[in-house]
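A.B. asks: So I've got this file, final-v9.txt, and it contains compact mmCIF, C-alpha atoms:
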```txt
# COMPACT_ATOMS: atom_id res chain seq x y z
CA MET D 1 0.00 0.00 0.00
CA ASP D 2 2.77 2.48 0.88
CA GLU D 3 4.17 2.29 -2.65
CA GLN D 4 0.72 2.88 -4.16
CA LEU D 5 0.16 5.92 -1.93
CA LYS D 6 3.54 7.30 -2.99
CA GLN D 7 2.70 6.78 -6.67
CA ILE D 8 -0.64 8.55 -6.30
CA GLY D 9 1.13 11.37 -4.46
CA GLU D 10 3.65 11.66 -7.29
CA ARG D 11 0.81 11.90 -9.82
CA LEU D 12 -0.85 14.63 -7.73
CA ARG D 13 2.41 16.56 -7.56
CA GLY D 14 2.89 16.09 -11.31
CA LEU D 15 -0.62 17.41 -11.98
CA ARG D 16 0.10 20.49 -9.89
CA ASP D 17 3.37 21.06 -11.72
CA VAL D 18 1.77 20.75 -15.16
CA LEU D 19 -1.13 23.05 -14.26
CA ASP D 20 1.09 25.42 -12.23
CA ILE D 21 -1.13 25.06 -9.14
CA THR D 22 0.11 25.59 -5.58
CA ALA D 23 -0.36 23.03 -2.82
CA GLU D 24 -2.58 25.60 -1.10
CA GLU D 25 -4.88 25.76 -4.15
CA MET D 26 -5.10 21.97 -4.39
CA ALA D 27 -5.82 21.66 -0.66
CA ALA D 28 -8.56 24.28 -0.98
CA THR D 29 -10.08 22.33 -3.88
CA ILE D 30 -10.69 19.36 -1.62
CA GLY D 31 -11.27 21.33 1.56
CA ILE D 32 -8.39 20.11 3.70
CA PRO D 33 -5.46 21.87 5.41
CA VAL D 34 -2.41 22.33 3.17
CA GLU D 35 -0.28 20.29 5.61
CA GLN D 36 -2.60 17.31 5.17
CA TYR D 37 -2.55 17.70 1.40
CA GLU D 38 1.27 17.82 1.37
CA LYS D 39 1.32 14.55 3.33
CA MET D 40 -0.90 13.05 0.60
CA GLU D 41 1.61 14.14 -2.04
CA ARG D 42 4.44 12.55 -0.06
CA GLY D 43 2.48 9.30 0.31
CA GLU D 44 2.47 9.65 4.09
CA THR D 45 -1.28 9.67 4.66
CA GLU D 46 -4.25 7.71 3.46
CA LEU D 47 -6.19 8.99 0.47
CA SER D 48 -9.92 9.04 -0.05
CA VAL D 49 -11.46 8.31 -3.42
CA ALA D 50 -13.78 11.24 -2.72
CA ASN D 51 -10.84 13.67 -2.58
CA LEU D 52 -9.25 12.20 -5.70
CA GLN D 53 -12.60 12.46 -7.46
CA LYS D 54 -12.90 16.15 -6.48
CA ILE D 55 -9.46 16.83 -7.93
CA ALA D 56 -10.23 14.87 -11.10
CA LYS D 57 -13.44 16.81 -11.71
CA GLU D 58 -12.01 20.23 -10.85
CA TYR D 59 -8.97 19.86 -13.11
CA GLU D 60 -10.66 17.73 -15.79
CA VAL D 61 -8.42 14.68 -15.53
CA SER D 62 -9.50 11.08 -15.33
CA LEU D 63 -9.83 9.56 -11.87
CA ASP D 64 -8.01 6.54 -13.37
CA VAL D 65 -4.98 8.68 -14.15
CA LEU D 66 -4.76 9.79 -10.52
CA MET D 67 -5.45 6.37 -9.01
CA PHE D 68 -3.74 4.02 -11.47
CA GLY D 69 -1.57 6.18 -13.73
CA GLU D 70 -3.47 5.00 -16.80
CA GLU D 71 -5.65 6.92 -19.22
CA PRO D 72 -8.90 5.17 -20.26
CA HIS D 73 -9.16 4.43 -24.00
CA MET D 74 -12.44 2.58 -24.62
CA HIS D 75 -15.49 4.42 -25.97
CA SER D 76 -18.26 1.90 -26.63
CA TYR D 77 -17.70 -0.62 -23.81
CA PHE D 78 -15.13 -1.87 -21.32
CA LEU D 79 -15.14 -5.43 -20.01
CA THR D 80 -13.71 -6.31 -16.61
CA ARG D 81 -13.38 -10.02 -15.89
CA LYS D 82 -13.89 -11.25 -12.33
CA GLY D 83 -10.97 -10.17 -10.16
CA GLN D 84 -9.19 -8.49 -13.08
CA GLY D 85 -9.99 -4.82 -12.40
CA LEU D 86 -7.20 -2.43 -11.54
CA HIS D 87 -6.58 -2.49 -7.78
CA VAL D 88 -5.50 0.21 -5.40
CA GLU D 89 -5.26 -0.04 -1.65
CA ARG D 90 -6.04 3.58 -0.78
CA ARG D 91 -6.25 3.23 2.98
CA LYS D 92 -5.11 0.60 5.43
CA ALA D 93 -7.46 -2.37 5.10
CA TYR D 94 -9.36 -0.81 2.13
CA ASN D 95 -8.84 -2.36 -1.32
CA TYR D 96 -10.58 -0.83 -4.34
CA GLU D 97 -10.99 -2.76 -7.61
CA SER D 98 -12.06 -0.48 -10.45
CA LEU D 99 -14.68 -2.06 -12.71
CA ALA D 100 -14.64 0.56 -15.48
CA SER D 101 -11.12 1.96 -15.48
CA GLY D 102 -10.68 1.68 -19.24
CA PHE D 103 -13.92 3.42 -20.26
CA GLN D 104 -13.38 7.00 -21.32
CA GLY D 105 -15.83 9.73 -20.28
CA ARG D 106 -17.86 7.57 -17.91
CA LYS D 107 -20.60 9.12 -15.77
CA ALA D 108 -20.01 6.88 -12.73
CA ASP D 109 -17.11 5.13 -11.00
CA PRO D 110 -17.93 1.54 -10.00
CA PHE D 111 -15.64 -0.32 -7.59
CA ILE D 112 -15.57 -3.58 -5.67
CA VAL D 113 -14.40 -2.50 -2.20
CA THR D 114 -12.95 -5.03 0.23
CA VAL D 115 -12.48 -3.91 3.83
CA ALA D 116 -10.73 -5.92 6.52
CA PRO D 117 -12.12 -5.89 10.05
CA LYS D 118 -10.88 -3.28 12.52
CA PRO D 119 -10.95 -3.17 16.30
CA SER D 120 -14.46 -2.33 17.50
CA ASP D 121 -13.18 0.83 19.23
CA ALA D 122 -11.56 2.18 16.03
CA PRO D 123 -13.25 5.40 14.93
CA LYS D 124 -15.34 5.24 11.77
CA GLU D 125 -13.76 7.36 9.04
CA MET D 126 -16.36 9.73 7.59
CA ASN D 127 -16.18 11.56 4.29
CA SER D 128 -18.43 13.34 1.84
CA HIS D 129 -18.23 14.23 -1.83
CA ALA D 130 -20.34 15.66 -4.60
CA GLY D 131 -22.93 13.47 -6.25
CA GLN D 132 -24.61 10.28 -5.20
CA GLU D 133 -23.46 6.81 -4.22
CA PHE D 134 -24.82 3.28 -4.43
CA ASN D 135 -23.51 0.45 -2.19
CA MET D 136 -24.50 -3.23 -2.34
CA VAL D 137 -23.03 -5.76 0.06
CA LEU D 138 -21.64 -8.81 -1.74
CA GLU D 139 -20.06 -10.60 1.25
CA GLY D 140 -20.22 -10.03 4.99
CA THR D 141 -22.06 -7.37 6.95
CA MET D 142 -21.30 -3.66 7.14
CA GLU D 143 -22.40 -0.79 9.29
CA LEU D 144 -22.97 2.34 7.22
CA THR D 145 -23.50 5.76 8.76
CA ILE D 146 -25.12 8.44 6.59
CA GLY D 147 -25.43 11.70 8.47
CA LYS D 148 -26.82 10.62 11.85
CA LYS D 149 -28.50 7.46 10.57
CA VAL D 150 -26.73 4.13 11.20
CA LEU D 151 -27.69 1.26 8.91
CA THR D 152 -26.66 -2.39 9.04
CA LEU D 153 -26.42 -3.96 5.59
CA GLU D 154 -26.09 -7.68 5.06
CA GLU D 155 -25.25 -9.67 1.96
CA GLY D 156 -27.61 -8.65 -0.83
CA ASP D 157 -28.73 -5.39 0.85
CA SER D 158 -28.17 -2.13 -0.99
CA VAL D 159 -28.48 1.59 -0.36
CA TYR D 160 -28.50 4.65 -2.63
CA PHE D 161 -27.72 8.00 -0.98
CA ASP D 162 -26.76 11.64 -1.30
CA ALA D 163 -22.96 11.51 -1.02
CA THR D 164 -22.73 15.13 0.16
CA GLN D 165 -23.95 13.76 3.51
CA PRO D 166 -21.07 12.68 5.77
CA HIS D 167 -20.85 8.92 5.45
CA GLY D 168 -18.60 6.11 6.59
CA MET D 169 -18.65 2.36 6.91
CA ARG D 170 -17.02 -0.48 8.77
CA PRO D 171 -17.28 -4.26 8.76
CA VAL D 172 -19.45 -5.80 11.46
CA GLY D 173 -17.81 -8.42 13.63
CA ASN D 174 -14.47 -9.96 12.88
CA GLN D 175 -15.06 -10.57 9.18
CA THR D 176 -14.08 -8.88 5.94
CA VAL D 177 -16.83 -7.11 4.02
CA LYS D 178 -16.94 -6.81 0.23
CA PHE D 179 -19.35 -4.44 -1.49
CA LEU D 180 -20.08 -2.84 -4.82
CA ALA D 181 -19.73 0.95 -4.63
CA ILE D 182 -20.82 3.14 -7.51
CA ILE D 183 -20.00 6.83 -7.21
CA PHE D 184 -22.05 9.15 -9.46
```
I'd like the structure from this file rewritten - as structure tokens, please.
C.D. replies:
Amino acid sequence: MDEQLKQIGERLRGLRDVLDITAEEMAATIGIPVEQYEKMERGETELSVANLQKIAKEYEVSLDVLMFGEEPHMHSYFLTRKGQGLHVERRKAYNYESLASGFQGRKADPFIVTVAPKPSDAPKEMNSHAGQEFNMVLEGTMELTIGKKVLTLEEGDSVYFDATQPHGMRPVGNQTVKFLAIIF
């Protein structure tokens, strides 16, 4: 994971260099302190897909370029075979498999997200981003907080929500949870 975070940080720094944007401007784009953003560039802190998506939209670059270093090329369809999507471990215990990384100009970002269990006293990481989100549990059970509402989703359950609301999830019990997440 550390190497992937460093690579993403290098791509962020490269984007800033090409567009002649300061770290302060980039931090303001995603609404975080400049010190935290600089840690992201150095690969020293975990990254959220929501923040990468904000940067991608603001500066009109593909999310795939930031996450994977690859530009999508397909226009009519893109096929992802089971387990063959591009992977990035963006946070400790979070693994994202992109299901549409090669499709250019897509309107949504679908991922299979696998999250390892954490200690029950670990704080739930909350985030928010523009747009909407759809989650469907494929394996395990997850606790999802949207605003002040706490939902328990089991295998086969799904939820569609306003992603501007603070939201966060965690596996229930001592088991890994795998879910489909589509960010619109």
A.B. asks: Mind giving me the straight-line distance from atom CA of Thr29 of chain D to atom CA of Asn51 of chain D in Å, one decimal?
C.D. replies: 8.8 Å
A.B. asks: So, with only C-alpha atoms as the atoms that count, which of D:Pro119, D:Gly9, D:Lys82, D:Ile112 lies closest to Phe179 of chain D?
C.D. replies: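 Going through D:Pro119, D:Gly9, D:Lys82, D:Ile112 one by one, the smallest distance to Phe179 of chain D is for D:Ile112.
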A.B. asks: Skipping near chain neighbours, those fewer than 4 positions away, what residues fall within 10 Å of segment 130-147 of chain D using all atoms listed in the file, listed as a compact mmCIF listing (two decimals) with C-alpha atoms, keeping the file's coordinate frame?
C.D. replies:
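Resulting contents of part-v1.txt:
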```txt
# COMPACT_ATOMS: atom_id res chain seq x y z
CA ALA D 50 -13.78 11.24 -2.72
CA ASN D 51 -10.84 13.67 -2.58
CA GLN D 53 -12.60 12.46 -7.46
CA LYS D 54 -12.90 16.15 -6.48
CA LYS D 57 -13.44 16.81 -11.71
CA ALA D 108 -20.01 6.88 -12.73
CA ASP D 109 -17.11 5.13 -11.00
CA PRO D 110 -17.93 1.54 -10.00
CA PHE D 111 -15.64 -0.32 -7.59
CA ILE D 112 -15.57 -3.58 -5.67
CA VAL D 113 -14.40 -2.50 -2.20
CA THR D 114 -12.95 -5.03 0.23
CA VAL D 115 -12.48 -3.91 3.83
CA PRO D 117 -12.12 -5.89 10.05
CA LYS D 124 -15.34 5.24 11.77
CA GLU D 125 -13.76 7.36 9.04
CA MET D 126 -16.36 9.73 7.59
CA LEU D 151 -27.69 1.26 8.91
CA THR D 152 -26.66 -2.39 9.04
CA LEU D 153 -26.42 -3.96 5.59
CA GLU D 154 -26.09 -7.68 5.06
CA GLU D 155 -25.25 -9.67 1.96
CA GLY D 156 -27.61 -8.65 -0.83
CA ASP D 157 -28.73 -5.39 0.85
CA SER D 158 -28.17 -2.13 -0.99
CA VAL D 159 -28.48 1.59 -0.36
CA TYR D 160 -28.50 4.65 -2.63
CA PHE D 161 -27.72 8.00 -0.98
CA ASP D 162 -26.76 11.64 -1.30
CA ALA D 163 -22.96 11.51 -1.02
CA THR D 164 -22.73 15.13 0.16
CA GLN D 165 -23.95 13.76 3.51
CA PRO D 166 -21.07 12.68 5.77
CA HIS D 167 -20.85 8.92 5.45
CA GLY D 168 -18.60 6.11 6.59
CA MET D 169 -18.65 2.36 6.91
CA ARG D 170 -17.02 -0.48 8.77
CA PRO D 171 -17.28 -4.26 8.76
CA VAL D 172 -19.45 -5.80 11.46
CA GLY D 173 -17.81 -8.42 13.63
CA ASN D 174 -14.47 -9.96 12.88
CA GLN D 175 -15.06 -10.57 9.18
CA THR D 176 -14.08 -8.88 5.94
CA VAL D 177 -16.83 -7.11 4.02
CA LYS D 178 -16.94 -6.81 0.23
CA PHE D 179 -19.35 -4.44 -1.49
CA LEU D 180 -20.08 -2.84 -4.82
CA ALA D 181 -19.73 0.95 -4.63
CA ILE D 182 -20.82 3.14 -7.51
CA ILE D 183 -20.00 6.83 -7.21
CA PHE D 184 -22.05 9.15 -9.46
```
A.B. asks: Would you work out the distance separating atom CA of Glu25 of chain D from atom CA of Ile55 of chain D, expressed in Å to one decimal?
C.D. replies: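 Computed distance, atom CA of Glu25 of chain D to atom CA of Ile55 of chain D, equals 10.7 Å.
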A.B. asks: Just to confirm, what's the straight-line distance from atom CA of Ala27 of chain D to atom CA of Ala116 of chain D in Å (one decimal)?
C.D. replies: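 Straight-line distance from atom CA of Ala27 of chain D to atom CA of Ala116 of chain D works out to 28.9 Å.
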A.B. asks: Between D:Leu99, D:Val34, D:Val150, D:Leu47, which has the minimum distance to Asp64 of chain D (counting all atoms listed in the file)?
C.D. replies: D:Leu99
A.B. asks: When distances are computed from only C-alpha atoms, which of D:Lys107, D:Lys148, D:Lys6, D:His129 shows the smallest separation from Leu66 of chain D?
C.D. replies: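 Of D:Lys107, D:Lys148, D:Lys6, D:His129, the one nearest Leu66 of chain D, counting only C-alpha atoms, is D:Lys6.
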A.B. asks: Measuring atom to atom with all atoms listed in the file, identify which of D:Glu10, D:Asp2, D:Glu58, D:Glu46 is nearest to Met26 of chain D.
C.D. replies: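 Among D:Glu10, D:Asp2, D:Glu58, D:Glu46, it is D:Glu58 that comes nearest to Met26 of chain D.
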A.B. asks: Under the rule that only C-alpha atoms are counted, which of D:Ile21, D:Ala28, D:Ala100, D:Met40 is the nearest residue to His73 of chain D?
C.D. replies: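 For His73 of chain D, the nearest of the candidates is D:Ala100.
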A.B. asks: If you take every atom of segment 63-82 of chain D that the file lists and fit an axis-aligned box around them with 6 Å extra on each side, what centre and edge lengths come out in Å to one decimal, as JSON?
C.D. replies:
```
{"center_x": -9.9, "center_y": -0.7, "center_z": -17.8, "size_x": 28.7, "size_y": 33.0, "size_z": 29.6}
```
A.B. asks: With all atoms listed in the file as the basis for distance, which of D:Ser76, D:Glu24, D:Glu3, D:Leu63 is at the shortest distance from Arg42 of chain D?
C.D. replies: D:Glu3
